[in-house]
file work.txt (compact mmCIF, C-alpha atoms)
# COMPACT_ATOMS: atom_id res chain seq x y z
CA MET A 1 19.68 -12.50 0.52
CA PRO A 2 19.81 -16.06 1.92
CA GLY A 3 16.86 -18.26 1.08
CA SER A 4 16.29 -18.91 4.77
CA LYS A 5 15.62 -15.20 5.37
CA ILE A 6 13.12 -15.03 2.50
CA SER A 7 11.38 -18.12 3.86
CA GLU A 8 11.20 -16.50 7.28
CA ILE A 9 9.56 -13.39 5.82
CA TYR A 10 6.98 -15.51 3.99
CA ARG A 11 6.33 -17.47 7.18
CA LYS A 12 5.69 -14.26 9.11
CA GLY A 13 3.48 -12.95 6.32
CA THR A 14 1.36 -16.09 6.38
CA LYS A 15 0.57 -15.48 10.06
CA LEU A 16 -1.06 -12.18 9.08
CA SER A 17 -2.89 -13.41 5.98
CA LYS A 18 -6.36 -13.08 7.52
CA TYR A 19 -5.89 -9.42 8.42
CA HIS A 20 -6.52 -6.30 6.33
CA ILE A 21 -4.12 -3.41 6.98
CA LEU A 22 -4.52 0.17 5.74
CA GLN A 23 -1.72 2.69 5.13
CA ILE A 24 -2.63 6.41 4.91
CA ASN A 25 -0.34 9.26 3.85
CA SER A 26 -0.58 12.64 2.14
CA SER A 27 0.08 11.65 -1.49
CA TYR A 28 0.62 8.75 -3.86
CA TYR A 29 3.58 10.52 -5.50
CA GLY A 30 6.48 12.71 -4.43
CA GLY A 31 8.72 12.30 -1.43
CA GLY A 32 10.25 9.40 0.44
CA ILE A 33 7.09 8.18 2.16
CA ALA A 34 5.15 7.66 -1.06
CA GLU A 35 8.20 6.03 -2.66
CA THR A 36 8.64 3.66 0.27
CA LEU A 37 4.96 2.66 0.28
CA ARG A 38 4.96 2.23 -3.50
CA ASN A 39 7.86 -0.20 -3.21
CA MET A 40 6.79 -2.01 -0.06
CA ILE A 41 3.04 -2.55 -0.39
CA PRO A 42 3.18 -4.83 -3.48
CA LEU A 43 5.81 -6.98 -1.75
CA LEU A 44 3.69 -7.23 1.41
CA ASN A 45 0.69 -8.34 -0.65
CA GLU A 46 2.89 -10.85 -2.48
CA ILE A 47 3.87 -12.56 0.79
CA GLY A 48 0.24 -12.85 1.83
CA VAL A 49 -0.48 -9.73 3.88
CA ASP A 50 -3.55 -7.80 2.68
CA VAL A 51 -2.32 -4.19 2.67
CA GLY A 52 -4.18 -1.23 1.14
CA TRP A 53 -3.16 2.39 0.62
CA ARG A 54 -5.12 5.66 0.71
CA ALA A 55 -3.86 9.22 0.18
CA MET A 56 -5.32 12.42 1.56
CA VAL A 57 -7.66 14.53 -0.56
CA GLY A 58 -7.09 18.21 0.15
CA SER A 59 -6.94 21.73 -1.26
CA SER A 60 -3.81 23.75 -1.94
CA ASP A 61 -4.51 25.63 1.31
CA PHE A 62 -4.43 22.35 3.22
CA PHE A 63 -1.05 21.35 1.85
CA ARG A 64 0.36 24.83 2.48
CA VAL A 65 -0.75 24.58 6.11
CA CYS A 66 0.82 21.12 6.34
CA LYS A 67 4.10 22.55 5.06
CA LYS A 68 4.06 25.23 7.77
CA PHE A 69 3.34 22.55 10.36
CA HIS A 70 6.21 20.49 8.95
CA ASN A 71 8.61 23.39 9.43
CA ALA A 72 7.33 23.91 12.99
CA LEU A 73 7.96 20.23 13.74
CA LEU A 74 11.56 20.82 12.64
CA GLY A 75 11.87 23.76 15.02
CA ASP A 76 10.75 26.80 13.00
CA GLY A 77 8.39 29.33 14.53
CA ILE A 78 4.73 29.34 13.52
CA ASN A 79 1.70 31.58 13.79
CA LEU A 80 -0.80 28.88 14.71
CA THR A 81 -4.04 30.64 13.83
CA SER A 82 -7.56 29.32 14.20
CA MET A 83 -7.89 29.41 10.39
CA LYS A 84 -4.89 27.07 9.95
CA LYS A 85 -6.42 24.67 12.45
CA LYS A 86 -9.80 24.89 10.72
CA VAL A 87 -8.36 24.07 7.26
CA TYR A 88 -6.29 21.22 8.70
CA GLU A 89 -9.02 19.58 10.75
CA GLU A 90 -11.87 20.07 8.27
CA THR A 91 -9.85 18.44 5.49
CA ASN A 92 -9.27 15.41 7.70
CA GLU A 93 -12.94 15.31 8.68
CA ASN A 94 -13.98 15.52 5.00
CA PHE A 95 -11.73 12.56 4.24
CA THR A 96 -14.22 10.36 6.11
CA ASN A 97 -16.66 11.02 3.24
CA PHE A 98 -14.21 9.47 0.76
CA THR A 99 -12.90 6.45 2.66
CA HIS A 100 -14.52 3.88 4.93
CA ILE A 101 -12.15 2.27 7.38
CA GLU A 102 -13.20 -1.26 8.26
CA HIS A 103 -9.68 -2.69 8.33
CA ASP A 104 -8.05 -4.65 11.15
CA LEU A 105 -5.24 -2.12 11.61
CA VAL A 106 -4.51 1.43 10.42
CA VAL A 107 -1.09 3.02 9.89
CA VAL A 108 -1.06 6.83 9.57
CA HIS A 109 2.12 8.40 8.16
CA ASN A 110 3.35 11.81 9.35
CA HIS A 111 1.19 14.78 10.34
CA PRO A 112 -1.14 15.61 7.36
CA SER A 113 -3.50 12.74 8.26
CA LEU A 114 -2.83 12.75 12.01
CA PRO A 115 -6.31 14.10 13.01
CA LEU A 116 -8.14 11.33 11.15
CA ILE A 117 -8.27 9.30 14.34
CA LYS A 118 -10.53 11.99 15.82
CA PHE A 119 -13.13 11.66 13.07
CA TYR A 120 -13.49 7.88 12.73
CA LYS A 121 -15.15 5.54 15.16
CA LYS A 122 -12.09 3.66 16.31
CA ARG A 123 -12.75 -0.07 15.84
CA GLN A 124 -9.16 -1.29 15.49
CA PRO A 125 -5.58 -0.47 16.55
CA TRP A 126 -4.09 2.67 15.01
CA ILE A 127 -0.34 3.27 14.54
CA TRP A 128 1.23 6.67 13.99
CA ARG A 129 4.41 6.47 11.89
CA PHE A 130 6.43 9.71 11.95
CA HIS A 131 9.27 10.00 9.43
CA ASP A 132 10.96 13.24 10.49
CA ASP A 133 12.82 14.56 13.52
CA MET A 134 10.40 15.80 16.20
CA SER A 135 12.99 16.35 18.93
CA ASN A 136 13.25 20.11 18.23
CA ALA A 137 9.59 20.80 17.46
CA THR A 138 8.19 24.09 18.72
CA GLN A 139 6.14 23.68 21.90
CA GLU A 140 3.10 25.33 20.31
CA ILE A 141 2.81 22.67 17.60
CA ILE A 142 3.45 19.87 20.10
CA ASP A 143 0.67 21.15 22.37
CA TYR A 144 -1.72 21.34 19.42
CA PHE A 145 -0.89 17.86 18.13
CA LYS A 146 -1.09 16.13 21.52
CA SER A 147 -4.84 15.59 21.39
CA PHE A 148 -4.43 13.77 18.07
CA ILE A 149 -1.34 11.78 19.06
CA ILE A 150 -2.53 10.39 22.41
CA PRO A 151 -5.38 8.16 21.07
CA PHE A 152 -3.00 6.12 18.90
CA ASP A 153 -2.11 2.64 20.12
CA GLU A 154 1.48 2.60 18.86
CA TYR A 155 4.06 5.17 17.79
CA ILE A 156 6.78 4.33 15.28
CA PHE A 157 9.72 6.69 14.78
CA GLN A 158 12.88 6.26 12.72
CA MET A 159 15.21 6.40 15.71
CA GLY A 160 15.17 7.43 19.36
CA GLU A 161 16.79 10.79 18.70
CA CYS A 162 13.85 11.83 16.52
CA ALA A 163 11.02 10.87 18.84
CA LEU A 164 8.86 13.27 20.81
CA GLY A 165 10.32 13.18 24.30
CA GLU A 166 6.98 12.85 26.08
CA ILE A 167 6.16 9.53 24.37
CA ARG A 168 9.70 8.27 23.68
CA GLU A 169 9.45 5.42 26.20
CA GLU A 170 6.32 4.13 24.44
CA CYS A 171 7.79 4.30 20.92
CA LYS A 172 9.06 1.61 18.61
CA PHE A 173 11.68 2.35 15.98
CA ILE A 174 11.92 1.27 12.35
CA GLN A 175 14.62 2.79 10.19
CA PRO A 176 13.77 3.46 6.52
CA SER A 177 15.07 1.38 3.66
CA ILE A 178 15.64 1.33 -0.09
CA ASP A 179 14.48 -1.14 -2.69
CA PRO A 180 17.60 -2.32 -4.59
CA LEU A 181 15.47 -3.50 -7.51
CA SER A 182 13.59 -0.23 -8.06
CA THR A 183 14.30 1.93 -11.10
CA LYS A 184 16.20 4.37 -8.93
CA ASN A 185 18.51 1.74 -7.44
CA GLN A 186 18.77 -1.17 -9.88
CA SER A 187 22.06 -1.88 -11.63
CA ILE A 188 22.50 -0.13 -14.99
CA GLY A 189 25.40 -0.16 -17.42
CA LYS A 190 27.77 2.67 -18.24
CA LYS A 191 26.28 3.14 -21.69
CA LYS A 192 22.88 3.98 -20.22
CA VAL A 193 24.44 6.16 -17.50
CA TYR A 194 26.32 8.17 -20.13
CA LYS A 195 23.17 8.50 -22.21
CA TYR A 196 21.33 10.19 -19.36
CA LEU A 197 24.30 12.38 -18.43
CA ASP A 198 24.39 13.56 -22.02
CA LYS A 199 20.70 14.50 -21.81
CA ILE A 200 21.48 17.03 -19.05
CA GLY A 201 24.79 18.20 -20.49
CA VAL A 202 27.12 16.61 -17.93
CA ASP A 203 30.55 15.35 -19.03
CA PRO A 204 31.33 11.87 -17.59
CA SER A 205 35.05 12.32 -18.24
CA ARG A 206 35.28 15.10 -15.62
CA PRO A 207 34.72 14.71 -11.85
CA ILE A 208 31.10 15.01 -10.74
CA VAL A 209 29.70 16.11 -7.37
CA SER A 210 25.94 15.88 -6.82
CA GLN A 211 23.12 16.29 -4.34
CA VAL A 212 19.60 14.86 -4.64
CA SER A 213 16.96 16.53 -2.44
CA HIS A 214 13.87 18.71 -2.38
CA PHE A 215 14.39 22.38 -3.08
CA ASP A 216 13.79 23.09 0.57
CA LYS A 217 15.66 25.40 2.92
CA HIS A 218 16.33 22.52 5.31
CA LYS A 219 18.16 20.62 2.52
CA ASP A 220 20.34 23.73 2.01
CA PRO A 221 20.83 23.67 -1.78
CA LEU A 222 22.16 27.24 -1.58
CA GLY A 223 24.76 26.00 0.90
CA VAL A 224 25.77 23.29 -1.57
CA LEU A 225 26.48 26.00 -4.12
CA GLU A 226 28.64 27.83 -1.57
CA VAL A 227 30.62 24.65 -0.92
CA PHE A 228 31.00 23.99 -4.64
CA GLU A 229 32.29 27.53 -5.24
CA ARG A 230 35.11 26.79 -2.80
CA ILE A 231 35.87 23.43 -4.44
CA ARG A 232 35.80 24.86 -7.96
CA LYS A 233 38.52 27.40 -7.10
CA ASP A 234 40.98 24.53 -6.60
CA MET A 235 39.65 21.62 -8.65
CA ASP A 236 38.11 21.03 -12.06
CA CYS A 237 34.73 19.40 -11.42
CA GLN A 238 31.00 19.68 -12.08
CA LEU A 239 28.03 20.01 -9.73
CA VAL A 240 24.64 18.43 -10.42
CA LEU A 241 21.79 19.56 -8.14
CA ILE A 242 18.76 17.32 -8.61
CA GLY A 243 15.54 18.09 -6.84
CA SER A 244 11.82 18.48 -6.71
CA MET A 245 9.37 20.66 -4.83
CA ALA A 246 6.75 19.57 -2.37
CA ARG A 247 3.19 20.04 -3.57
CA TYR A 248 1.77 23.55 -3.05
CA ASP A 249 5.02 24.80 -1.53
CA PRO A 250 5.58 28.49 -2.38
CA GLU A 251 8.67 28.45 -0.16
CA GLY A 252 10.14 25.68 -2.34
CA GLU A 253 9.47 27.67 -5.50
CA ASP A 254 11.33 30.61 -4.00
CA ILE A 255 14.29 28.44 -2.99
CA TYR A 256 14.41 26.97 -6.50
CA LYS A 257 14.50 30.46 -8.06
CA GLN A 258 17.27 31.51 -5.67
CA VAL A 259 19.26 28.39 -6.59
CA LEU A 260 18.87 29.12 -10.31
CA ARG A 261 20.02 32.71 -9.86
CA ARG A 262 23.01 31.74 -7.74
CA SER A 263 24.01 28.89 -10.05
CA GLN A 264 24.27 31.29 -12.97
CA GLU A 265 27.12 33.03 -11.13
CA LEU A 266 29.14 29.80 -11.09
CA GLU A 267 30.67 27.56 -13.74
CA ASP A 268 29.80 23.91 -14.33
CA VAL A 269 26.55 23.77 -12.35
CA THR A 270 23.59 21.77 -13.68
CA ILE A 271 20.16 22.08 -12.04
CA VAL A 272 17.56 19.37 -12.71
CA LEU A 273 13.95 19.78 -11.56
CA ASP A 274 11.58 16.82 -11.11
CA PRO A 275 13.83 14.14 -12.61
CA HIS A 276 12.96 10.59 -13.61
CA ASP A 277 14.27 7.89 -11.27
CA ILE A 278 16.56 6.52 -13.99
CA LEU A 279 18.28 9.92 -14.21
CA ILE A 280 18.80 10.02 -10.45
CA ASN A 281 20.22 6.50 -10.66
CA SER A 282 22.60 7.53 -13.43
CA VAL A 283 23.85 10.67 -11.71
CA GLN A 284 24.41 8.97 -8.36
CA ARG A 285 26.39 6.19 -10.09
CA ALA A 286 28.44 8.60 -12.16
CA SER A 287 29.20 10.93 -9.25
CA ASP A 288 32.64 10.80 -7.68
CA VAL A 289 31.16 12.25 -4.49
CA VAL A 290 27.57 12.78 -3.37
CA MET A 291 26.68 15.49 -0.87
CA GLN A 292 23.80 15.62 1.59
CA LYS A 293 24.30 19.00 3.20
CA SER A 294 21.02 19.19 5.10
CA LEU A 295 20.57 21.63 7.96
CA LYS A 296 17.83 19.40 9.39
CA GLU A 297 16.98 15.89 8.30
CA GLY A 298 14.63 13.07 9.13
CA PHE A 299 16.61 10.18 7.70
CA GLY A 300 17.92 11.16 4.29
CA LEU A 301 17.33 8.14 2.06
CA ALA A 302 19.31 9.78 -0.75
CA VAL A 303 22.38 8.91 1.32
CA ALA A 304 21.48 5.21 1.31
CA GLU A 305 20.79 5.36 -2.43
CA ALA A 306 24.23 6.78 -3.16
CA LEU A 307 26.07 4.43 -0.80
CA TRP A 308 24.29 1.45 -2.39
CA LYS A 309 25.80 2.56 -5.69
CA LYS A 310 29.30 2.59 -4.11
CA THR A 311 29.51 6.38 -4.15
CA PRO A 312 30.99 7.96 -0.99
CA VAL A 313 28.92 10.68 0.68
CA VAL A 314 29.86 13.86 2.48
CA GLY A 315 26.87 14.63 4.69
CA SER A 316 25.82 16.82 7.57
CA ARG A 317 25.96 15.47 11.07
CA VAL A 318 22.18 15.69 11.52
CA GLY A 319 19.28 13.24 11.76
CA GLY A 320 19.57 9.86 10.10
CA ILE A 321 22.53 10.87 7.94
CA ALA A 322 24.81 10.00 10.84
CA LYS A 323 23.20 6.54 11.04
CA GLN A 324 24.21 5.78 7.45
CA ILE A 325 27.61 7.44 7.14
CA LYS A 326 30.39 5.99 9.25
CA ASP A 327 32.78 8.91 9.39
CA GLY A 328 36.02 8.08 7.60
CA GLU A 329 34.77 4.63 6.49
CA ASN A 330 32.14 5.22 3.80
CA GLY A 331 32.15 9.02 3.70
CA TYR A 332 32.51 12.01 5.96
CA LEU A 333 30.27 13.77 8.45
CA VAL A 334 30.58 17.54 8.71
CA ASP A 335 29.03 20.41 10.60
CA PRO A 336 26.01 21.51 8.48
CA LYS A 337 27.10 25.16 8.47
CA ASP A 338 30.84 24.66 7.95
CA TYR A 339 31.27 25.22 4.21
CA ASP A 340 35.07 25.07 4.41
CA GLU A 341 35.08 21.67 6.13
CA ALA A 342 32.57 20.26 3.64
CA ALA A 343 34.62 21.54 0.71
CA LYS A 344 37.81 20.04 2.14
CA LYS A 345 36.24 16.60 2.61
CA VAL A 346 34.84 16.59 -0.93
CA MET A 347 38.25 17.59 -2.31
CA ASP A 348 39.99 14.90 -0.25
CA LEU A 349 37.78 12.34 -1.98
CA LEU A 350 38.05 13.86 -5.45
CA SER A 351 41.84 13.74 -5.25
CA ASP A 352 42.11 10.11 -4.06
CA GLU A 353 40.57 7.46 -6.32
CA HIS A 354 41.71 4.60 -4.07
CA LEU A 355 39.97 6.20 -1.07
CA ARG A 356 36.76 6.71 -3.07
CA LYS A 357 36.68 3.06 -4.11
CA LYS A 358 37.38 1.82 -0.60
CA MET A 359 34.69 4.02 0.92
CA GLY A 360 32.29 3.08 -1.87
CA GLN A 361 32.69 -0.63 -1.10
CA ASN A 362 32.22 0.03 2.62
CA GLY A 363 29.12 2.09 1.91
CA ARG A 364 27.41 -0.60 -0.12
CA GLY A 365 28.17 -3.15 2.57
CA ASN A 366 26.55 -1.01 5.27
CA ILE A 367 23.39 -0.49 3.21
CA LYS A 368 23.19 -4.18 2.30
CA LYS A 369 23.41 -5.13 5.96
CA ASN A 370 21.11 -2.52 7.48
CA PHE A 371 18.95 -0.56 5.05
CA LEU A 372 17.37 -2.81 2.41
CA ILE A 373 13.61 -3.16 2.05
CA THR A 374 13.55 -6.78 3.23
CA ARG A 375 14.74 -5.70 6.68
CA ALA A 376 12.06 -3.02 6.88
CA ILE A 377 9.35 -5.48 5.79
CA GLU A 378 10.39 -7.88 8.53
CA ASP A 379 10.38 -5.05 11.09
CA TRP A 380 6.81 -4.14 10.13
CA LEU A 381 5.67 -7.76 10.18
CA ASN A 382 7.03 -8.08 13.71
CA VAL A 383 5.15 -4.97 14.88
CA TRP A 384 1.88 -6.01 13.26
CA THR A 385 2.14 -9.55 14.60
CA GLU A 386 2.66 -8.25 18.12
CA ILE A 387 -0.44 -6.05 17.85
CA LEU A 388 -2.79 -8.38 15.98
CA THR A 389 -1.78 -11.77 17.41
CA PRO A 390 -0.76 -11.03 21.01

call {"tool": "encode", "arguments": {"input": "work.txt", "output": "structure tokens"}}
result
Amino acid sequence: MPGSKISEIYRKGTKLSKYHILQINSSYYGGGIAETLRNMIPLLNEIGVDVGWRAMVGSSDFFRVCKKFHNALLGDGINLTSMKKKVYEETNENFTNFTHIEHDLVVVHNHPSLPLIKFYKKRQPWIWRFHDDMSNATQEIIDYFKSFIIPFDEYIFQMGECALGEIREECKFIQPSIDPLSTKNQSIGKKKVYKYLDKIGVDPSRPIVSQVSHFDKHKDPLGVLEVFERIRKDMDCQLVLIGSMARYDPEGEDIYKQVLRRSQELEDVTIVLDPHDILINSVQRASDVVMQKSLKEGFGLAVAEALWKKTPVVGSRVGGIAKQIKDGENGYLVDPKDYDEAAKKVMDLLSDEHLRKKMGQNGRGNIKKNFLITRAIEDWLNVWTEILTP
């Protein structure tokens, strides 16, 4: 990055040095939001912005309810009982006994902590940052959330297509980013890559296809296995499915068990649960093709991670995946339910090394230009400056 850009970021940070900003989300670990905050907050403090971070304290029932709400926000049906509402709201109310908010600005991430604004005496601007796609949310969950959403001063979504239609004109948009110096994305040599492949029994001399995602029905890991079965009939290759499960997610446990059972019916499939970042880094670098076959998606940062490593991606034409993949330039976009099309695109790449290298170079260039953490930091500084120093 040019020195002039770094200087500009420091200059903008200095303007906010007298303010104290609080970020609130559901957990310190697990998932893209926690990872983004873990990477970004130290950098913000380094440039002079006083930024703190708090995570929700809740029971397993609370996080199960939040998962059901999450699915409803993505369009699934829900039985919105009074008990679910009680667990959800009481947990947020109890949070006020753990955390005093005397900051100059509050940023609330996603829906688990959305009702907090109802239980604090609002002394400062509050921003709601939603990281998923709300455009297909069920009306019942929208109606329930409205009373919590309306009091916020600003709404930040990832892109216009994901915003709630009723507040879209009032929204700002900040696309996610990756930290190129993090353990998951930093450069590592072939020797270390091969070491970690060996740990999971993957042969670097044979073609590798992979997907990194939660074991979640919306990420469609079972669909990835169906695609791989088609590929494996015609080509010698290996599949690595790397994933984790959201906290207190019985649905995720069931999906994981189904994936294990189905994978045992196929050859050359490796399943990795709760991997270290260095293993994800190694697999994405070693892969000839990465898949992101989501049925629904917020943004899909695993796509940016793979493209940064010069690995072409075959991804579903949903959510933010289409913002990162330029069809035919750095990968391919496919219909999320068309297994045959996905298999064909993967095989096209596996059979053409020159095409893979060309797309890999294009992919890294797109991420470097649009999706690195420095861009996201500057976007946030601009929003905060507008609110705090009008």

call {"tool": "residues_around", "arguments": {"input": "work.txt", "residues": "Lys296 of chain A", "least_positions_apart": "4", "cutoff": "9 Å", "atoms": "all atoms listed in the file", "output": "compact mmCIF listing (two decimals) with C-alpha atoms, in the frame of the given file"}}
result
# COMPACT_ATOMS: atom_id res chain seq x y z
CA LEU A 74 11.56 20.82 12.64
CA ASP A 133 12.82 14.56 13.52
CA HIS A 218 16.33 22.52 5.31
CA LYS A 219 18.16 20.62 2.52
CA ASP A 220 20.34 23.73 2.01
CA SER A 316 25.82 16.82 7.57
CA VAL A 318 22.18 15.69 11.52
CA GLY A 319 19.28 13.24 11.76
CA PRO A 336 26.01 21.51 8.48

call {"tool": "residues_around", "arguments": {"input": "work.txt", "residues": "Lys190 of chain A", "least_positions_apart": "2", "cutoff": "10 Å", "atoms": "all atoms listed in the file", "output": "list in words"}}
result
Ser187, Ile188, Lys192, Val193, Tyr194, Lys195, Tyr196, Pro204, Ser282, Arg285 and Ala286 of chain A

call {"tool": "write_last_selection", "arguments": {"input": "work.txt", "atoms": "C-alpha atoms", "output": "PDB file, in the coordinates of the input"}}
result
ATOM      1  CA  SER A 187      22.060  -1.880 -11.630  1.00  0.00           C
ATOM      2  CA  ILE A 188      22.500  -0.130 -14.990  1.00  0.00           C
ATOM      3  CA  LYS A 192      22.880   3.980 -20.220  1.00  0.00           C
ATOM      4  CA  VAL A 193      24.440   6.160 -17.500  1.00  0.00           C
ATOM      5  CA  TYR A 194      26.320   8.170 -20.130  1.00  0.00           C
ATOM      6  CA  LYS A 195      23.170   8.500 -22.210  1.00  0.00           C
ATOM      7  CA  TYR A 196      21.330  10.190 -19.360  1.00  0.00           C
ATOM      8  CA  PRO A 204      31.330  11.870 -17.590  1.00  0.00           C
ATOM      9  CA  SER A 282      22.600   7.530 -13.430  1.00  0.00           C
ATOM     10  CA  ARG A 285      26.390   6.190 -10.090  1.00  0.00           C
ATOM     11  CA  ALA A 286      28.440   8.600 -12.160  1.00  0.00           C
TER      12      ALA A 286
END

call {"tool": "closest_atom_pairs", "arguments": {"input": "work.txt", "of": "segment 213-265 of chain A", "to": "segment 337-340 of chain A", "cutoff": "9 Å", "atoms": "all atoms listed in the file", "output": "CSV"}}
result
residue,atom,partner,partner_atom,distance
A:Gly223,CA,A:Tyr339,CA,7.3
A:Val224,CA,A:Tyr339,CA,8.2
A:Glu226,CA,A:Tyr339,CA,6.9
A:Val227,CA,A:Tyr339,CA,5.2
A:Phe228,CA,A:Tyr339,CA,8.9
A:Arg230,CA,A:Asp340,CA,7.4

call {"tool": "closest_residue", "arguments": {"input": "work.txt", "among": "A:Met134, A:Leu105, A:Ile231, A:Leu295", "to": "Glu341 of chain A", "atoms": "all atoms listed in the file"}}
result
A:Ile231

call {"tool": "residues_around", "arguments": {"input": "work.txt", "residues": "Cys66 of chain A", "least_positions_apart": "6", "cutoff": "12 Å", "atoms": "only C-alpha atoms", "output": "list in words"}}
result
Ser26, Met56, Gly58, Ser59, Ser60, Ala72, Leu73, Ile78, Leu80, Lys84, Lys85, Val87, Tyr88, Glu89, Thr91, Asn92, Asn110, His111, Pro112, Ser113, Leu114, Ile141, Ala246, Arg247, Tyr248 and Asp249 of chain A

call {"tool": "closest_residue", "arguments": {"input": "work.txt", "among": "A:Ile271, A:Ile208, A:Ala343, A:Val49", "to": "Lys12 of chain A", "atoms": "only C-alpha atoms"}}
result
A:Val49

call {"tool": "residues_around", "arguments": {"input": "work.txt", "residues": "Arg232 of chain A", "least_positions_apart": "2", "cutoff": "10 Å", "atoms": "all atoms listed in the file", "output": "PyMOL selection string"}}
result
chain A and resi 227-230+234-239+266-268+343+347

call {"tool": "residues_around", "arguments": {"input": "work.txt", "residues": "segment 307-313 of chain A", "least_positions_apart": "5", "cutoff": "7 Å", "atoms": "only C-alpha atoms", "output": "PyMOL selection string"}}
result
chain A and resi 285+287-291+330-332+356+359-361+363-364+367

call {"tool": "atom_distance", "arguments": {"input": "work.txt", "atom1": "atom CA of Val272 of chain A", "atom2": "atom CA of Asp203 of chain A"}}
result
15.0 Å

call {"tool": "atom_distance", "arguments": {"input": "work.txt", "atom1": "atom CA of Ser82 of chain A", "atom2": "atom CA of Gln23 of chain A"}}
result
28.7 Å

call {"tool": "atom_distance", "arguments": {"input": "work.txt", "atom1": "atom CA of His100 of chain A", "atom2": "atom CA of Ile156 of chain A"}}
result
23.7 Å

call {"tool": "build_atoms", "arguments": {"input": "work.txt", "residues": "segment 253-264 of chain A", "atoms": "N, CA and C atoms", "output": "PDB file, in the coordinates of the input"}}
result
ATOM      1  N   GLU A 253       9.326  26.957  -4.226  1.00  0.00           N
ATOM      2  CA  GLU A 253       9.470  27.670  -5.500  1.00  0.00           C
ATOM      3  C   GLU A 253      10.465  28.815  -5.353  1.00  0.00           C
ATOM      4  N   ASP A 254      10.414  29.498  -4.232  1.00  0.00           N
ATOM      5  CA  ASP A 254      11.330  30.610  -4.000  1.00  0.00           C
ATOM      6  C   ASP A 254      12.767  30.118  -3.865  1.00  0.00           C
ATOM      7  N   ILE A 255      12.948  29.011  -3.130  1.00  0.00           N
ATOM      8  CA  ILE A 255      14.290  28.440  -2.990  1.00  0.00           C
ATOM      9  C   ILE A 255      14.838  28.027  -4.349  1.00  0.00           C
ATOM     10  N   TYR A 256      13.987  27.404  -5.165  1.00  0.00           N
ATOM     11  CA  TYR A 256      14.410  26.970  -6.500  1.00  0.00           C
ATOM     12  C   TYR A 256      14.868  28.166  -7.344  1.00  0.00           C
ATOM     13  N   LYS A 257      14.122  29.261  -7.293  1.00  0.00           N
ATOM     14  CA  LYS A 257      14.500  30.460  -8.060  1.00  0.00           C
ATOM     15  C   LYS A 257      15.820  31.031  -7.556  1.00  0.00           C
ATOM     16  N   GLN A 258      16.010  31.017  -6.234  1.00  0.00           N
ATOM     17  CA  GLN A 258      17.270  31.510  -5.670  1.00  0.00           C
ATOM     18  C   GLN A 258      18.445  30.631  -6.132  1.00  0.00           C
ATOM     19  N   VAL A 259      18.213  29.321  -6.148  1.00  0.00           N
ATOM     20  CA  VAL A 259      19.260  28.390  -6.590  1.00  0.00           C
ATOM     21  C   VAL A 259      19.615  28.648  -8.053  1.00  0.00           C
ATOM     22  N   LEU A 260      18.610  28.834  -8.887  1.00  0.00           N
ATOM     23  CA  LEU A 260      18.870  29.120 -10.310  1.00  0.00           C
ATOM     24  C   LEU A 260      19.692  30.391 -10.475  1.00  0.00           C
ATOM     25  N   ARG A 261      19.294  31.445  -9.742  1.00  0.00           N
ATOM     26  CA  ARG A 261      20.020  32.710  -9.860  1.00  0.00           C
ATOM     27  C   ARG A 261      21.473  32.556  -9.396  1.00  0.00           C
ATOM     28  N   ARG A 262      21.658  31.903  -8.268  1.00  0.00           N
ATOM     29  CA  ARG A 262      23.010  31.740  -7.740  1.00  0.00           C
ATOM     30  C   ARG A 262      23.857  30.854  -8.637  1.00  0.00           C
ATOM     31  N   SER A 263      23.260  29.829  -9.209  1.00  0.00           N
ATOM     32  CA  SER A 263      24.010  28.890 -10.050  1.00  0.00           C
ATOM     33  C   SER A 263      24.546  29.559 -11.301  1.00  0.00           C
ATOM     34  N   GLN A 264      23.836  30.590 -11.772  1.00  0.00           N
ATOM     35  CA  GLN A 264      24.270  31.290 -12.970  1.00  0.00           C
ATOM     36  C   GLN A 264      25.539  32.111 -12.746  1.00  0.00           C
TER      37      GLN A 264
END
